[in-house]
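Peer 1: This structure is in structure tokens; I'll ask about it shortly.
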Amino acid sequence: EGVCTGDRYGRHRHKCSNAAKLGCLCKCSMEGCTNMCCSDNHFHNDVETQHTCGQVHYCTKVCSAPGCKSTCSRSREEVHDRHECLNGHEVDCLAQCSVPGCRRRCVHKDHFHGLDLVKKVAVSGNRMEPRERHLCAGMHRCEYKCR
């Protein structure tokens, strides 16, 4: 523990007798983190409002890849639009085949395929659809009725 070495009867900036050993005594500013700030500057709170414990704070969102339920492996401190799981570059697409009634999994090798949306103009109006549909390797029987 340190003691202020300033004159208690005059206005002064606190000078701790043990500042070098104590370091910053604030908690990390990252929401949900309970670790202490890793700064060795006892008084950096006077000029900085951000305190960091020095550990990576992983994003808590779910991976953006269709069908993936893993959490994002990127840091919360890093601004990112696409949430990527740790194995996203090693795992194939996990989405279900987009053919109605088919329950098989898409065979595309890109874990994130299907996120690249394009505008489709249809009779029912404009809508966004993946550039490439999620398709399995199986046969899909045509339901068209001949006349």
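In the structure tokens, chains take the letters A, B, ... in the order shown, each chain's residues start at 1, and ligands count up from 1 in the order shown.
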Do a neighbour search on Arg133 in chain A at 10 Å with only C-alpha atoms, toss out local chain neighbours closer than 4 positions, and write the hits as a list in words.

Peer 2: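 So the residues in contact are Cys97, Ser98, Val99, Cys106, His108, His113, Gly114 and Glu129 of chain A.
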
Peer 1: Output as a Markdown table one row per residue of range 86-112 of chain A within 12 Å of range 47-66 of chain A: the closest atom pair and its distance in Å to one decimal place, counting only C-alpha atoms, sorted by chain and residue number ascending.

Peer 2:
| residue | atom | partner | partner_atom | distance |
| --- | --- | --- | --- | --- |
| A:Leu86 | CA | A:Cys63 | CA | 9.1 |
| A:Asn87 | CA | A:Cys63 | CA | 10.2 |
| A:Gly88 | CA | A:Ala65 | CA | 8.0 |
| A:His89 | CA | A:Ala65 | CA | 10.7 |
| A:Val91 | CA | A:Ala65 | CA | 10.2 |
| A:Asp92 | CA | A:Ala65 | CA | 9.8 |
| A:Cys93 | CA | A:Pro66 | CA | 7.3 |
| A:Leu94 | CA | A:Pro66 | CA | 6.4 |
| A:Ala95 | CA | A:Pro66 | CA | 5.2 |
| A:Gln96 | CA | A:Pro66 | CA | 8.6 |
| A:Cys97 | CA | A:Pro66 | CA | 11.0 |
| A:Ser98 | CA | A:Pro66 | CA | 11.5 |
| A:Arg105 | CA | A:Pro66 | CA | 11.0 |
| A:Cys106 | CA | A:Pro66 | CA | 10.2 |
| A:His108 | CA | A:Pro66 | CA | 11.7 |
| A:Asp110 | CA | A:Ala65 | CA | 9.3 |
| A:His111 | CA | A:Ala65 | CA | 6.1 |
| A:Phe112 | CA | A:Ala65 | CA | 4.6 |

Peer 1: Export N, CA, C and O atoms of the chosen residues as a PDB file, in the first residue's frame?

Peer 2:
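Ended up saving to out-v6.pdb:
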ATOM      1  N   LEU A  86     -13.561 -19.684 -34.910  1.00  0.00           N
ATOM      2  CA  LEU A  86     -12.155 -20.077 -34.935  1.00  0.00           C
ATOM      3  C   LEU A  86     -11.829 -20.998 -36.110  1.00  0.00           C
ATOM      4  O   LEU A  86     -10.779 -20.893 -36.718  1.00  0.00           O
ATOM      5  N   ASN A  87     -12.738 -21.905 -36.467  1.00  0.00           N
ATOM      6  CA  ASN A  87     -12.487 -22.878 -37.527  1.00  0.00           C
ATOM      7  C   ASN A  87     -13.125 -22.502 -38.855  1.00  0.00           C
ATOM      8  O   ASN A  87     -13.205 -23.325 -39.759  1.00  0.00           O
ATOM      9  N   GLY A  88     -13.567 -21.270 -38.997  1.00  0.00           N
ATOM     10  CA  GLY A  88     -14.298 -20.844 -40.191  1.00  0.00           C
ATOM     11  C   GLY A  88     -13.579 -21.057 -41.501  1.00  0.00           C
ATOM     12  O   GLY A  88     -14.206 -21.233 -42.537  1.00  0.00           O
ATOM     13  N   HIS A  89     -12.254 -21.051 -41.494  1.00  0.00           N
ATOM     14  CA  HIS A  89     -11.510 -21.213 -42.747  1.00  0.00           C
ATOM     15  C   HIS A  89     -11.158 -22.672 -43.012  1.00  0.00           C
ATOM     16  O   HIS A  89     -10.562 -22.987 -44.026  1.00  0.00           O
ATOM     17  N   VAL A  91     -13.711 -25.184 -42.112  1.00  0.00           N
ATOM     18  CA  VAL A  91     -14.995 -25.883 -42.123  1.00  0.00           C
ATOM     19  C   VAL A  91     -15.786 -25.488 -43.366  1.00  0.00           C
ATOM     20  O   VAL A  91     -15.800 -24.328 -43.755  1.00  0.00           O
ATOM     21  N   ASP A  92     -16.464 -26.467 -43.962  1.00  0.00           N
ATOM     22  CA  ASP A  92     -17.312 -26.215 -45.131  1.00  0.00           C
ATOM     23  C   ASP A  92     -18.583 -25.477 -44.701  1.00  0.00           C
ATOM     24  O   ASP A  92     -18.831 -25.260 -43.522  1.00  0.00           O
ATOM     25  N   CYS A  93     -19.412 -25.152 -45.666  1.00  0.00           N
ATOM     26  CA  CYS A  93     -20.699 -24.514 -45.404  1.00  0.00           C
ATOM     27  C   CYS A  93     -21.553 -25.450 -44.543  1.00  0.00           C
ATOM     28  O   CYS A  93     -21.608 -26.659 -44.801  1.00  0.00           O
ATOM     29  N   LEU A  94     -22.219 -24.912 -43.543  1.00  0.00           N
ATOM     30  CA  LEU A  94     -23.047 -25.716 -42.633  1.00  0.00           C
ATOM     31  C   LEU A  94     -24.538 -25.531 -42.877  1.00  0.00           C
ATOM     32  O   LEU A  94     -25.360 -26.122 -42.187  1.00  0.00           O
ATOM     33  N   ALA A  95     -24.886 -24.714 -43.869  1.00  0.00           N
ATOM     34  CA  ALA A  95     -26.298 -24.425 -44.132  1.00  0.00           C
ATOM     35  C   ALA A  95     -26.994 -25.638 -44.754  1.00  0.00           C
ATOM     36  O   ALA A  95     -26.376 -26.485 -45.394  1.00  0.00           O
ATOM     37  N   GLN A  96     -28.289 -25.679 -44.564  1.00  0.00           N
ATOM     38  CA  GLN A  96     -29.109 -26.732 -45.151  1.00  0.00           C
ATOM     39  C   GLN A  96     -29.342 -26.405 -46.623  1.00  0.00           C
ATOM     40  O   GLN A  96     -29.392 -25.243 -47.018  1.00  0.00           O
ATOM     41  N   CYS A  97     -29.471 -27.425 -47.441  1.00  0.00           N
ATOM     42  CA  CYS A  97     -29.755 -27.268 -48.861  1.00  0.00           C
ATOM     43  C   CYS A  97     -30.993 -26.384 -49.027  1.00  0.00           C
ATOM     44  O   CYS A  97     -31.969 -26.523 -48.284  1.00  0.00           O
ATOM     45  N   SER A  98     -30.951 -25.468 -49.990  1.00  0.00           N
ATOM     46  CA  SER A  98     -32.052 -24.517 -50.177  1.00  0.00           C
ATOM     47  C   SER A  98     -33.201 -25.051 -51.026  1.00  0.00           C
ATOM     48  O   SER A  98     -34.192 -24.349 -51.232  1.00  0.00           O
ATOM     49  N   ARG A 105     -27.150 -31.235 -46.120  1.00  0.00           N
ATOM     50  CA  ARG A 105     -26.311 -30.057 -45.937  1.00  0.00           C
ATOM     51  C   ARG A 105     -25.677 -29.617 -47.252  1.00  0.00           C
ATOM     52  O   ARG A 105     -25.365 -30.430 -48.115  1.00  0.00           O
ATOM     53  N   CYS A 106     -25.468 -28.318 -47.371  1.00  0.00           N
ATOM     54  CA  CYS A 106     -24.816 -27.717 -48.530  1.00  0.00           C
ATOM     55  C   CYS A 106     -23.396 -28.285 -48.663  1.00  0.00           C
ATOM     56  O   CYS A 106     -22.720 -28.516 -47.662  1.00  0.00           O
ATOM     57  N   HIS A 108     -20.910 -26.777 -50.464  1.00  0.00           N
ATOM     58  CA  HIS A 108     -19.951 -25.726 -50.813  1.00  0.00           C
ATOM     59  C   HIS A 108     -18.800 -25.724 -49.809  1.00  0.00           C
ATOM     60  O   HIS A 108     -18.999 -25.935 -48.620  1.00  0.00           O
ATOM     61  N   ASP A 110     -16.817 -23.164 -49.013  1.00  0.00           N
ATOM     62  CA  ASP A 110     -16.641 -21.892 -48.314  1.00  0.00           C
ATOM     63  C   ASP A 110     -17.626 -21.799 -47.147  1.00  0.00           C
ATOM     64  O   ASP A 110     -18.839 -21.778 -47.338  1.00  0.00           O
ATOM     65  N   HIS A 111     -17.103 -21.737 -45.932  1.00  0.00           N
ATOM     66  CA  HIS A 111     -17.907 -21.658 -44.712  1.00  0.00           C
ATOM     67  C   HIS A 111     -18.842 -20.446 -44.740  1.00  0.00           C
ATOM     68  O   HIS A 111     -19.937 -20.495 -44.195  1.00  0.00           O
ATOM     69  N   PHE A 112     -18.412 -19.369 -45.388  1.00  0.00           N
ATOM     70  CA  PHE A 112     -19.174 -18.123 -45.373  1.00  0.00           C
ATOM     71  C   PHE A 112     -19.960 -17.872 -46.659  1.00  0.00           C
ATOM     72  O   PHE A 112     -20.528 -16.806 -46.829  1.00  0.00           O
TER      73      PHE A 112
END

Peer 1: What does the distance from CA of Tyr144 in chain A to CA of Pro100 in chain A come to in Å, to one decimal?

Peer 2: 13.7 Å

Peer 1: Considering only strand (DSSP E or B) as DSSP defines it on the backbone, what residues of range 35-109 of chain A qualify? List them as a list of chain:residue names.

Peer 2: A:Met36, A:Tyr58, A:Val62, A:Thr71, A:Ser75, A:Gln96, A:Arg105

Peer 1: So that I have them on file, write out the residues from the current selection with N, CA, C and O atoms, as a CSV table (one decimal), in the first residue's frame.

Peer 2:
chain,number,residue,atom,x,y,z
A,36,MET,N,-8.0,-6.5,-13.4
A,36,MET,CA,-7.4,-5.2,-13.1
A,36,MET,C,-6.7,-4.7,-14.3
A,36,MET,O,-6.1,-5.5,-15.2
A,58,TYR,N,-12.9,-11.6,-26.3
A,58,TYR,CA,-13.5,-12.2,-27.6
A,58,TYR,C,-14.9,-11.7,-27.7
A,58,TYR,O,-15.6,-11.5,-26.7
A,62,VAL,N,-22.6,-14.8,-32.4
A,62,VAL,CA,-22.5,-16.0,-33.1
A,62,VAL,C,-21.9,-15.8,-34.5
A,62,VAL,O,-22.1,-14.8,-35.1
A,71,THR,N,-19.2,-19.3,-31.6
A,71,THR,CA,-19.1,-17.9,-31.3
A,71,THR,C,-17.9,-17.3,-32.1
A,71,THR,O,-17.0,-18.0,-32.5
A,75,SER,N,-11.6,-10.2,-31.6
A,75,SER,CA,-11.6,-9.4,-30.4
A,75,SER,C,-12.7,-8.4,-30.5
A,75,SER,O,-13.0,-7.8,-31.5
A,96,GLN,N,-28.3,-25.7,-44.6
A,96,GLN,CA,-29.1,-26.7,-45.2
A,96,GLN,C,-29.3,-26.4,-46.6
A,96,GLN,O,-29.4,-25.2,-47.0
A,105,ARG,N,-27.2,-31.2,-46.1
A,105,ARG,CA,-26.3,-30.1,-45.9
A,105,ARG,C,-25.7,-29.6,-47.3
A,105,ARG,O,-25.4,-30.4,-48.1

Peer 1: Can you tell me how far CA of Cys26 in chain A sits from CA of His44 in chain A, in Å to one decimal?

Peer 2: 9.8 Å
